[in-house]
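Content type compact mmCIF, C-alpha atoms, from the file protein-v4.txt:
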```
# COMPACT_ATOMS: atom_id res chain seq x y z
CA MET A 267 24.37 -41.89 -23.32
CA SER A 268 22.40 -41.73 -26.54
CA ALA A 269 19.33 -39.60 -27.12
CA ASP A 270 17.13 -42.71 -27.33
CA PRO A 271 17.87 -44.82 -24.27
CA THR A 272 15.90 -48.07 -24.13
CA PRO A 273 16.13 -50.95 -21.67
CA THR A 274 18.76 -52.49 -23.94
CA THR A 275 20.95 -49.38 -24.17
CA VAL A 276 20.76 -48.37 -20.51
CA PRO A 277 23.10 -50.97 -18.96
CA HIS A 278 21.52 -50.84 -15.51
CA PRO A 279 18.38 -49.25 -14.06
CA LEU A 280 18.80 -46.00 -12.18
CA VAL A 281 18.56 -46.34 -8.42
CA VAL A 282 17.23 -43.17 -6.80
CA ARG A 283 17.14 -42.39 -3.07
CA THR A 284 15.80 -39.16 -1.54
CA VAL A 285 16.06 -38.33 2.17
CA ARG A 286 15.56 -35.27 4.34
CA VAL A 287 18.72 -33.54 5.53
CA GLU A 288 19.63 -30.62 7.75
CA ASP A 289 19.67 -27.22 6.03
CA PRO A 290 23.19 -26.83 4.59
CA GLY A 291 22.95 -23.08 4.00
CA ALA A 292 23.27 -21.56 0.56
CA LEU A 293 22.59 -24.23 -2.06
CA LEU A 294 24.97 -22.72 -4.56
CA ASP A 295 27.82 -23.08 -2.05
CA LEU A 296 27.55 -26.87 -2.37
CA LEU A 297 28.42 -26.91 -6.06
CA PRO A 298 31.73 -28.03 -7.54
CA ALA A 299 33.37 -25.94 -10.25
CA ASP A 300 32.97 -28.64 -12.89
CA ALA A 301 29.62 -28.68 -14.76
CA PRO A 302 27.38 -27.42 -11.94
CA LEU A 303 23.61 -27.73 -12.32
CA ALA A 304 21.36 -25.16 -10.68
CA TRP A 305 17.84 -23.78 -10.58
CA VAL A 306 17.56 -21.41 -7.60
CA ARG A 307 15.30 -18.49 -6.67
CA ARG A 308 15.26 -16.66 -3.32
CA GLY A 309 17.54 -19.37 -1.92
CA ASP A 310 15.17 -22.27 -2.68
CA GLY A 311 15.38 -24.65 -5.60
CA LEU A 312 17.69 -27.39 -6.82
CA VAL A 313 21.41 -27.85 -7.34
CA GLY A 314 23.12 -30.91 -8.73
CA TRP A 315 26.41 -32.34 -9.89
CA GLY A 316 27.82 -35.41 -11.53
CA GLU A 317 26.19 -37.09 -14.51
CA ALA A 318 24.27 -40.33 -14.11
CA LEU A 319 22.72 -40.03 -17.55
CA ARG A 320 22.60 -37.64 -20.51
CA LEU A 321 19.79 -37.60 -23.06
CA GLU A 322 20.72 -35.53 -26.13
CA VAL A 323 18.10 -34.58 -28.71
CA SER A 324 17.78 -32.41 -31.81
CA GLY A 325 15.31 -31.33 -34.46
CA PRO A 326 11.67 -30.20 -34.37
CA ASP A 327 10.64 -33.13 -32.15
CA ARG A 328 13.41 -32.59 -29.60
CA PHE A 329 11.03 -31.94 -26.69
CA ALA A 330 8.88 -35.00 -27.38
CA ASP A 331 11.96 -37.14 -27.92
CA ALA A 332 13.48 -35.98 -24.64
CA GLU A 333 10.28 -36.63 -22.72
CA ALA A 334 9.86 -40.09 -24.26
CA ALA A 335 13.47 -40.99 -23.43
CA TRP A 336 13.01 -39.76 -19.84
CA GLY A 337 9.86 -41.87 -19.55
CA ARG A 338 11.70 -45.00 -20.67
CA VAL A 339 14.44 -44.36 -18.12
CA LEU A 340 11.87 -43.90 -15.33
CA ALA A 341 10.03 -47.08 -16.30
CA HIS A 342 13.06 -49.09 -15.20
CA ALA A 343 14.19 -46.90 -12.27
CA VAL A 344 14.15 -48.05 -8.66
CA VAL A 345 13.00 -45.13 -6.52
CA ARG A 346 12.70 -44.55 -2.80
CA ASP A 347 11.58 -41.01 -2.05
CA ASP A 348 11.07 -40.17 1.63
CA VAL A 349 10.26 -36.50 0.94
CA ARG A 350 7.75 -36.38 -1.93
CA LEU A 351 7.93 -32.69 -2.69
CA PRO A 352 8.27 -31.08 -6.12
CA GLY A 353 11.88 -31.69 -7.15
CA SER A 354 12.50 -34.71 -4.92
CA GLY A 355 12.99 -38.16 -6.41
CA PRO A 356 14.36 -38.51 -9.96
CA VAL A 357 15.14 -35.15 -11.57
CA ALA A 358 16.54 -34.13 -14.95
CA PHE A 359 17.88 -30.66 -15.70
CA GLY A 360 17.28 -29.52 -19.27
CA SER A 361 18.33 -26.91 -21.80
CA PHE A 362 17.12 -26.65 -25.39
CA ALA A 363 18.01 -24.60 -28.45
CA PHE A 364 15.79 -21.77 -29.60
CA ASP A 365 15.75 -23.00 -33.20
CA ALA A 366 13.66 -26.07 -33.92
CA HIS A 367 16.14 -27.17 -36.60
CA ALA A 368 19.26 -26.92 -34.43
CA SER A 369 21.51 -29.95 -34.51
CA GLY A 370 24.58 -31.19 -32.70
CA PRO A 371 25.40 -31.00 -28.97
CA SER A 372 23.84 -27.53 -28.57
CA ALA A 373 20.40 -28.61 -29.81
CA GLY A 374 19.14 -29.87 -26.47
CA ALA A 375 19.74 -32.22 -23.58
CA LEU A 376 18.35 -33.58 -20.35
CA VAL A 377 21.07 -34.14 -17.77
CA VAL A 378 20.38 -36.48 -14.84
CA PRO A 379 22.83 -35.64 -12.04
CA ARG A 380 24.30 -38.13 -9.59
CA VAL A 381 23.57 -35.84 -6.66
CA VAL A 382 20.75 -33.32 -6.15
CA VAL A 383 20.17 -31.11 -3.13
CA GLY A 384 16.84 -29.31 -2.96
CA ARG A 385 15.10 -26.92 -0.62
CA ARG A 386 11.50 -25.81 -0.50
CA GLY A 387 9.51 -24.11 2.24
CA GLY A 388 11.94 -25.00 5.02
CA THR A 389 12.45 -28.63 3.95
CA THR A 390 15.82 -29.68 2.55
CA TRP A 391 16.52 -33.01 0.88
CA LEU A 392 19.29 -34.99 -0.72
CA THR A 393 18.83 -37.24 -3.75
CA THR A 394 21.43 -39.67 -5.02
CA ILE A 395 21.09 -41.28 -8.44
CA GLU A 396 23.22 -44.26 -9.36
CA SER A 397 23.27 -46.87 -12.10
CA GLY A 398 23.17 -50.53 -11.24
CA ALA A 399 23.37 -50.04 -7.47
CA VAL A 400 21.02 -51.24 -4.78
CA ILE A 401 19.19 -49.14 -2.24
CA GLY A 402 21.27 -49.26 0.91
CA ARG A 403 21.89 -46.84 3.74
CA ALA A 404 20.42 -43.37 3.53
CA PRO A 405 22.96 -41.00 1.97
CA THR A 406 24.30 -38.01 3.88
CA LEU A 407 25.51 -34.61 2.77
CA ARG A 408 28.85 -35.30 4.39
CA GLY A 409 29.12 -38.42 2.28
CA VAL A 410 28.43 -36.74 -1.08
CA VAL A 411 29.87 -33.24 -0.70
CA GLY A 412 33.59 -33.68 -1.05
CA HIS A 413 36.33 -31.10 -1.10
CA ARG A 414 35.27 -27.92 -2.85
CA ALA A 415 37.99 -25.73 -4.32
CA PRO A 416 37.62 -22.04 -3.46
CA VAL A 417 35.50 -20.07 -5.91
CA ARG A 418 37.83 -18.30 -8.33
CA ALA A 419 37.28 -14.84 -9.80
CA PRO A 420 37.56 -14.60 -13.59
CA GLY A 421 40.11 -11.79 -13.45
CA GLU A 422 40.16 -9.14 -16.13
CA VAL A 423 37.35 -9.52 -18.66
CA THR A 424 37.51 -8.10 -22.18
CA TYR A 425 34.55 -7.73 -24.50
CA ALA A 426 34.33 -7.88 -28.28
CA ASP A 427 31.59 -7.72 -30.88
CA GLY A 428 29.71 -10.90 -31.53
CA ALA A 429 28.25 -12.00 -34.86
CA VAL A 430 26.96 -8.50 -35.61
CA PRO A 431 28.74 -5.31 -34.40
CA ALA A 432 26.70 -2.93 -32.26
CA ASP A 433 26.43 -0.32 -35.02
CA GLY A 434 25.39 -2.97 -37.51
CA TRP A 435 22.72 -4.25 -35.13
CA ARG A 436 20.86 -0.96 -35.42
CA ASP A 437 20.51 -1.77 -39.10
CA VAL A 438 19.15 -5.19 -38.17
CA VAL A 439 16.50 -3.48 -36.05
CA ALA A 440 15.71 -1.08 -38.87
CA HIS A 441 15.10 -4.04 -41.19
CA GLY A 442 12.76 -5.48 -38.58
CA VAL A 443 10.80 -2.23 -38.29
CA ALA A 444 10.52 -2.03 -42.09
CA ALA A 445 9.15 -5.57 -42.24
CA ILE A 446 6.54 -4.72 -39.60
CA ARG A 447 5.47 -1.56 -41.42
CA ALA A 448 5.22 -3.57 -44.63
CA GLY A 449 2.75 -5.91 -42.91
CA ARG A 450 5.00 -8.97 -42.87
CA VAL A 451 4.82 -9.37 -39.06
CA ASP A 452 3.19 -7.56 -36.17
CA LYS A 453 6.17 -7.96 -33.84
CA VAL A 454 9.62 -9.53 -34.05
CA VAL A 455 12.22 -10.12 -31.33
CA LEU A 456 15.78 -9.51 -32.49
CA ALA A 457 18.84 -10.47 -30.47
CA ARG A 458 22.57 -9.82 -30.47
CA ASP A 459 25.58 -11.40 -28.84
CA VAL A 460 28.77 -10.06 -27.26
CA VAL A 461 31.88 -12.18 -26.73
CA ALA A 462 33.53 -12.05 -23.30
CA ARG A 463 37.02 -13.35 -22.60
CA THR A 464 38.23 -13.94 -19.05
CA ALA A 465 41.82 -13.87 -17.86
CA GLN A 466 41.27 -17.00 -15.77
CA PRO A 467 39.30 -20.10 -16.82
CA LEU A 468 35.73 -19.34 -15.85
CA ASP A 469 34.47 -20.77 -12.57
CA PRO A 470 30.68 -20.90 -13.12
CA ARG A 471 30.09 -20.65 -9.38
CA TRP A 472 31.46 -17.10 -9.39
CA VAL A 473 28.85 -16.07 -11.94
CA LEU A 474 26.00 -17.95 -10.27
CA GLY A 475 26.72 -16.50 -6.84
CA ARG A 476 26.83 -12.93 -8.08
CA LEU A 477 23.67 -13.37 -10.12
CA ALA A 478 21.77 -14.90 -7.20
CA ASP A 479 22.87 -12.10 -4.86
CA ALA A 480 22.03 -9.28 -7.26
CA TYR A 481 18.86 -10.76 -8.81
CA PRO A 482 17.20 -12.87 -6.08
CA THR A 483 13.72 -12.65 -7.67
CA CYS A 484 15.02 -14.17 -10.90
CA TRP A 485 15.65 -17.87 -11.51
CA THR A 486 19.41 -18.40 -11.41
CA PHE A 487 20.28 -21.37 -13.60
CA SER A 488 23.19 -23.44 -14.85
CA VAL A 489 22.57 -26.33 -17.23
CA ASP A 490 25.09 -27.89 -19.60
CA GLY A 491 27.20 -24.76 -20.07
CA MET A 492 24.28 -22.31 -20.24
CA LEU A 493 24.02 -20.03 -17.21
CA GLY A 494 22.18 -16.89 -16.23
CA ALA A 495 19.39 -15.38 -14.15
CA THR A 496 16.13 -15.30 -16.07
CA PRO A 497 13.25 -13.08 -14.98
CA GLU A 498 10.84 -14.93 -17.26
CA LEU A 499 9.15 -18.19 -16.24
CA LEU A 500 7.98 -20.00 -19.34
CA VAL A 501 5.90 -22.50 -17.37
CA ARG A 502 5.64 -24.12 -13.97
CA SER A 503 3.43 -27.19 -13.65
CA GLU A 504 2.70 -28.39 -10.14
CA LYS A 505 -0.09 -30.74 -9.12
CA GLY A 506 -2.38 -29.55 -11.90
CA LEU A 507 -1.74 -25.81 -11.54
CA VAL A 508 0.09 -24.04 -14.35
CA THR A 509 1.84 -20.68 -14.05
CA SER A 510 3.67 -18.54 -16.60
CA ARG A 511 5.32 -15.14 -16.09
CA VAL A 512 5.36 -13.08 -19.28
CA LEU A 513 7.69 -10.10 -19.71
CA ALA A 514 7.63 -7.69 -22.65
CA GLY A 515 8.12 -3.93 -22.63
CA THR A 516 11.29 -2.63 -20.99
CA VAL A 517 13.00 0.57 -19.89
CA ARG A 518 16.43 0.97 -18.31
CA ARG A 519 16.71 2.07 -14.68
CA THR A 520 18.52 5.27 -13.86
CA GLY A 521 19.67 4.44 -10.33
CA ASP A 522 17.58 7.29 -8.92
CA ASP A 523 14.49 5.96 -7.11
CA ASP A 524 12.27 8.95 -7.88
CA ALA A 525 13.28 8.98 -11.52
CA ASP A 526 12.69 5.23 -11.78
CA LEU A 527 9.20 5.55 -10.29
CA ALA A 528 8.44 8.13 -12.95
CA ARG A 529 9.81 5.79 -15.61
CA ALA A 530 7.66 2.96 -14.27
CA ALA A 531 4.56 5.14 -14.62
CA ILE A 532 5.51 6.05 -18.18
CA LEU A 533 6.17 2.40 -19.03
CA ALA A 534 2.80 1.35 -17.64
CA HIS A 535 1.07 3.74 -20.05
CA SER A 536 3.35 3.44 -23.07
CA SER A 537 1.29 2.43 -26.10
CA LYS A 538 4.38 0.98 -27.80
CA ASP A 539 5.31 -1.20 -24.79
CA LEU A 540 1.71 -2.19 -24.03
CA GLU A 541 1.31 -3.33 -27.63
CA GLU A 542 4.48 -5.41 -27.39
CA HIS A 543 3.32 -6.88 -24.08
CA GLU A 544 -0.15 -7.76 -25.34
CA TYR A 545 1.29 -9.82 -28.19
CA ALA A 546 3.39 -11.81 -25.70
CA VAL A 547 0.53 -12.39 -23.25
CA ARG A 548 -1.86 -13.47 -25.96
CA SER A 549 0.63 -15.97 -27.40
CA VAL A 550 1.03 -17.66 -24.00
CA ALA A 551 -2.68 -17.62 -23.17
CA ASP A 552 -3.60 -19.07 -26.57
CA ALA A 553 -0.96 -21.82 -26.26
CA LEU A 554 -2.13 -22.84 -22.76
CA GLU A 555 -5.87 -22.75 -23.47
CA PRO A 556 -6.16 -26.19 -25.15
CA PHE A 557 -4.62 -27.87 -22.09
CA CYS A 558 -6.50 -26.05 -19.32
CA SER A 559 -10.02 -26.26 -17.97
CA SER A 560 -9.70 -22.64 -16.86
CA THR A 561 -7.17 -19.82 -17.16
CA ASN A 562 -6.70 -16.43 -15.56
CA VAL A 563 -5.16 -13.72 -17.74
CA PRO A 564 -4.67 -10.33 -16.05
CA ASP A 565 -6.34 -7.38 -17.76
CA VAL A 566 -3.33 -5.13 -17.25
CA PRO A 567 0.35 -5.86 -16.55
CA PHE A 568 2.31 -4.82 -13.50
CA VAL A 569 5.76 -3.24 -13.53
CA LEU A 570 8.51 -5.62 -12.41
CA HIS A 571 11.44 -3.77 -10.83
CA LEU A 572 14.84 -5.37 -11.37
CA PRO A 573 18.19 -3.80 -10.52
CA ASN A 574 18.98 -3.02 -14.17
CA VAL A 575 15.61 -2.59 -15.89
CA LEU A 576 11.86 -2.21 -15.45
CA HIS A 577 9.60 -4.70 -17.24
CA LEU A 578 5.91 -4.91 -17.96
CA ALA A 579 4.93 -8.30 -16.50
CA SER A 580 1.86 -10.53 -16.35
CA ASP A 581 1.41 -13.75 -14.38
CA ILE A 582 -0.90 -16.14 -16.23
CA THR A 583 -2.33 -19.11 -14.34
CA GLY A 584 -4.39 -22.11 -15.37
CA VAL A 585 -5.80 -25.41 -14.16
CA LEU A 586 -4.79 -28.40 -16.27
CA ALA A 587 -7.64 -30.43 -17.72
CA HIS A 588 -7.40 -34.08 -16.68
CA ASP A 589 -8.26 -35.22 -20.19
CA VAL A 590 -7.08 -33.34 -23.30
CA GLY A 591 -8.65 -34.73 -26.44
CA GLY A 592 -8.53 -38.24 -25.05
CA ALA A 593 -4.92 -37.93 -23.88
CA ALA A 594 -3.50 -37.36 -20.42
CA ALA A 595 -2.58 -33.83 -19.38
CA PRO A 596 0.85 -32.81 -20.68
CA SER A 597 3.97 -32.67 -18.53
CA SER A 598 5.79 -29.45 -17.77
CA LEU A 599 8.15 -30.22 -20.66
CA GLY A 600 5.20 -30.86 -22.96
CA LEU A 601 3.74 -27.50 -21.97
CA ALA A 602 7.10 -25.82 -22.56
CA ALA A 603 7.13 -27.35 -26.04
CA ALA A 604 3.63 -26.01 -26.73
CA LEU A 605 4.55 -22.53 -25.51
CA HIS A 606 7.95 -22.20 -27.22
CA PRO A 607 8.66 -19.82 -28.80
CA THR A 608 6.42 -17.20 -27.25
CA ALA A 609 5.98 -13.76 -28.78
CA ALA A 610 8.22 -12.45 -25.98
CA VAL A 611 11.27 -14.10 -27.60
CA CYS A 612 10.17 -14.60 -31.19
CA GLY A 613 7.32 -12.36 -32.34
CA THR A 614 3.95 -12.72 -33.99
CA PRO A 615 2.75 -14.33 -36.16
CA THR A 616 5.20 -16.97 -34.94
CA ARG A 617 6.17 -18.58 -38.24
CA ALA A 618 6.67 -15.29 -40.04
CA ALA A 619 8.66 -13.88 -37.11
CA ARG A 620 10.93 -16.93 -37.03
CA GLU A 621 11.57 -16.61 -40.74
CA LEU A 622 12.40 -12.93 -40.34
CA ILE A 623 14.78 -13.67 -37.45
CA ALA A 624 16.63 -16.23 -39.57
CA GLU A 625 16.81 -13.74 -42.42
CA VAL A 626 18.05 -10.58 -40.67
CA GLU A 627 19.43 -11.40 -37.19
CA GLY A 628 22.78 -12.67 -38.45
CA MET A 629 23.68 -15.07 -35.64
CA ASP A 630 23.00 -18.54 -34.25
CA ARG A 631 21.15 -18.14 -30.96
CA GLY A 632 22.13 -21.59 -29.72
CA ARG A 633 20.26 -22.16 -26.46
CA TYR A 634 19.68 -18.47 -25.83
CA ALA A 635 15.92 -17.79 -25.51
CA GLY A 636 15.22 -21.53 -25.40
CA PRO A 637 13.60 -23.40 -22.50
CA VAL A 638 15.82 -24.18 -19.51
CA GLY A 639 14.83 -25.78 -16.22
CA TRP A 640 14.03 -29.13 -14.65
CA LEU A 641 11.63 -32.06 -14.93
CA GLY A 642 10.55 -34.50 -12.22
CA ALA A 643 9.38 -38.09 -12.40
CA ASP A 644 5.70 -37.09 -12.25
CA GLY A 645 6.08 -34.64 -15.15
CA ASP A 646 5.89 -31.56 -12.97
CA GLY A 647 8.71 -29.05 -13.16
CA GLU A 648 9.77 -25.51 -13.93
CA TRP A 649 11.00 -24.13 -17.25
CA GLY A 650 12.30 -20.63 -17.74
CA ILE A 651 13.42 -18.86 -20.87
CA ALA A 652 17.21 -18.65 -21.11
CA LEU A 653 17.52 -14.86 -20.90
CA ARG A 654 20.08 -12.62 -19.14
CA SER A 655 22.40 -15.45 -19.94
CA ALA A 656 25.68 -16.60 -21.40
CA GLU A 657 26.96 -19.77 -23.02
CA ILE A 658 30.40 -21.07 -22.04
CA ASP A 659 32.47 -22.16 -25.01
CA PRO A 660 32.90 -25.94 -24.54
CA GLN A 661 36.32 -25.77 -26.18
CA ASP A 662 37.63 -22.67 -24.39
CA PRO A 663 36.80 -21.99 -20.71
CA HIS A 664 37.99 -18.39 -21.12
CA ARG A 665 35.33 -17.55 -23.72
CA LEU A 666 31.61 -16.86 -23.30
CA ARG A 667 28.84 -15.53 -25.53
CA LEU A 668 26.52 -13.05 -23.78
CA PHE A 669 23.06 -12.47 -25.27
CA ALA A 670 20.36 -9.83 -25.24
CA GLY A 671 17.20 -9.35 -27.30
CA CYS A 672 14.53 -6.72 -27.79
CA GLY A 673 10.92 -6.83 -28.94
CA ILE A 674 10.48 -4.76 -32.09
CA VAL A 675 7.18 -3.18 -33.14
CA ALA A 676 6.33 -0.51 -35.68
CA ALA A 677 7.17 2.33 -33.26
CA SER A 678 10.60 0.95 -32.31
CA ASP A 679 13.67 3.17 -32.64
CA PRO A 680 16.93 1.32 -33.52
CA ALA A 681 19.10 3.49 -31.25
CA ALA A 682 16.74 3.02 -28.31
CA GLU A 683 16.61 -0.74 -28.89
CA LEU A 684 20.42 -0.91 -28.90
CA ALA A 685 20.46 0.94 -25.56
CA GLU A 686 17.87 -1.51 -24.20
CA SER A 687 20.00 -4.45 -25.29
CA GLU A 688 22.97 -2.97 -23.42
CA ALA A 689 20.81 -2.75 -20.28
CA LYS A 690 19.88 -6.41 -20.68
CA LEU A 691 23.56 -7.37 -20.93
CA GLU A 692 24.26 -5.72 -17.59
CA PRO A 693 23.43 -8.74 -15.35
CA MET A 694 26.04 -10.93 -17.03
CA ARG A 695 28.62 -8.13 -17.17
CA HIS A 696 28.08 -7.59 -13.45
CA ALA A 697 28.35 -11.33 -12.77
CA LEU A 698 31.70 -11.50 -14.57
CA ALA A 699 33.19 -8.53 -12.74
CA SER A 700 35.85 -9.26 -10.11
CA ASP A 701 35.11 -6.31 -7.82
```
Output the file's structure in the form of structure tokens.
Amino acid sequence: MSADPTPTTVPHPLVVRTVRVEDPGALLDLLPADAPLAWVRRGDGLVGWGEALRLEVSGPDRFADAEAAWGRVLAHAVVRDDVRLPGSGPVAFGSFAFDAHASGPSAGALVVPRVVVGRRGGTTWLTTIESGAVIGRAPTLRGVVGHRAPVRAPGEVTYADGAVPADGWRDVVAHGVAAIRAGRVDKVVLARDVVARTAQPLDPRWVLGRLADAYPTCWTFSVDGMLGATPELLVRSEKGLVTSRVLAGTVRRTGDDDADLARAAILAHSSKDLEEHEYAVRSVADALEPFCSSTNVPDVPFVLHLPNVLHLASDITGVLAHDVGGAAAPSSLGLAAALHPTAAVCGTPTRAARELIAEVEGMDRGRYAGPVGWLGADGDGEWGIALRSAEIDPQDPHRLRLFAGCGIVAASDPAAELAESEAKLEPMRHALASD
């Protein structure tokens, strides 16, 4: 479907039915191998499959265009929602490019699945979305979950340099440090990619299952060929309450608990990492302030312990103002648009950091470090930043691009940043392993 669906281009209204169902167990186990959609954390969340509608967008106004198109679809939808929880009723999964000027299929899309299964706080529901149907009998899981082929391991995986070889990426970091010391930017986030090739065509469910098992506190996602387990929540908007989890400042874990506790203490007092973190927190707080009647920004970060790394983290919360300059409060996607790109994935000042990234990074990020998540009919939803992630080549199911990025400040050391990027690649390497 086109990026600008109107009543004349959508042949039939969407008919949406949501009912409660018995708990089916692990949500990810319901997914088919073909184009699975997922947003799961600690076993709760949403999974979907099939495609009732696709809304593709590009350019600087891609978020606004996507939201407007979604609104036009909803205006003609027929909805019966017996659950009325966040994520029930009509839902669109979304993924958007990092670069505002990206074009083509990778620039951004909202995907409306034909089937969604959600779970939250002990309640499980099933949503079916059809075009041109009528609301009939309540759907059942048995009726929509057909035969599922066994999950297939990827077999042997080989890795190769991406756009910039590892040794060359240290030079990229050095250029970033030089630009900071010259006063061009205060912080810049530089990323690199690694190309993975699997012996067998990739079954995304293999990756998603291993990520969810190893990183349960992260948001495991799969949207339109982009999959991963992000530890960073760009924004959640739910009934007027806004939440954002900001990560910046990282050290690799050693595998020894005592040594890692010592590293956590060092990280919590590291002037270099605290400086990097403060830039990221301030960028999010400043972006949210115009839309909120009140915000809470922690004075000091906490240390988030993940299996591969330790992060400095801050959870920022706010209460949406009912009226923002005469306009209604923004949706979760509108907030994501206002926040993106944060200093945690771009740098500061934002425009100068983006220009520097385009100048020295040497690769197309695609949807890496862009918003990924879901949007409901009421505008509420959850959007993460596509980190600890990979993009499946749409032309070759054996090929993936893995991504990692690091925040660079004046005190950054290129060799240390390369080592940090390797630590950030570990979740996807683990997820692709067959052992």
Review point. Using all atoms listed in the file, can you list as a PyMOL selection string the residues within 9 Å of (12.7, -28.9, 7.1)?
Key: chain A and resi 286-289+385-391
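Around A:Ile623, within 10 Å and counting only C-alpha atoms, the residues found are Val438, Gly442, Val454, Val455, Leu456, Ala457, Cys612, Gly613, Arg617, Ala618, Ala619, Arg620, Glu621, Glu625, Val626, Glu627, Gly628 and Met629 of chain A, once anything fewer than 2 positions away on its own chain is removed.
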In terms of all atoms listed in the file, the residue from A:Ala478, A:Arg458, A:Ala531, A:Val489 at minimal distance from A:Trp435 is A:Arg458
_So that I can check the surroundings of A:His577, please list as a PyMOL selection string every protein, DNA and RNA residue that reaches within 10 Å of it, counting only C-alpha atoms and ignoring chain neighbours fewer than 6 positions away._
chain A and resi 497+512-518+530+533-534+539+543+567-571
Can you write out as CSV which residues of stretch 635-692 of chain A fall within 7 Å of stretch 592-606 of chain A, alongside each residue's closest atom pair and its distance in Å to one decimal, counting only C-alpha atoms and ordering rows by chain and ascending residue number?
```
residue,atom,partner,partner_atom,distance
A:Pro637,CA,A:Ala602,CA,6.9
A:Leu641,CA,A:Leu599,CA,7.0
A:Gly645,CA,A:Ser597,CA,4.4
A:Asp646,CA,A:Ser598,CA,5.2
A:Gly647,CA,A:Ser598,CA,5.5
A:Glu648,CA,A:Ser598,CA,6.8
A:Trp649,CA,A:Ala602,CA,6.8
```
Atom CA of A:Ala689 sits from atom CA of A:Ala525 at a separation of 16.5 Å
>> Using only C-alpha atoms, list the residues that have an atom at most 12 Å from (-1.2, -7.9, -26.4), coordinates as in the file, as a VMD selection string.
In response: chain A and resid 452 to 453 512 to 515 537 to 552 563 to 567 578 to 580 609 to 610 613 to 614 675
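Among the candidate residues A:Leu376, A:Ala368, A:Ala301, A:Ala643, the one lying nearest to A:Leu319 is A:Leu376, with distances computed using only C-alpha atoms.
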(Q) Which residue is closest to A:Gly360? Choose from A:Pro467, A:Pro573, A:Pro290, A:Gly642 and count only C-alpha atoms. (A)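 Distance minimum relative to A:Gly360 lands on A:Gly642.
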In terms of all atoms listed in the file, the residue from A:Leu684, A:Ala445, A:Ala341, A:Leu474 at minimal distance from A:Pro302 is A:Leu474
*asked:* I want to know what sits within 10 Å of A:Leu312, based on only C-alpha atoms, with residues of the same chain fewer than 5 positions away left out; could you give that as a list of chain:residue names?
replied: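 Counting only the stated atoms, we get A:Leu293, A:Leu294, A:Leu303, A:Ala304, A:Trp305, A:Val306, A:Arg307, A:Gly353, A:Ser354, A:Val357, A:Phe359, A:Val382, A:Val383, A:Gly384, A:Arg385, A:Arg386, A:Thr390, A:Trp391, A:Leu392, A:Phe487, A:Gly639, A:Trp640.
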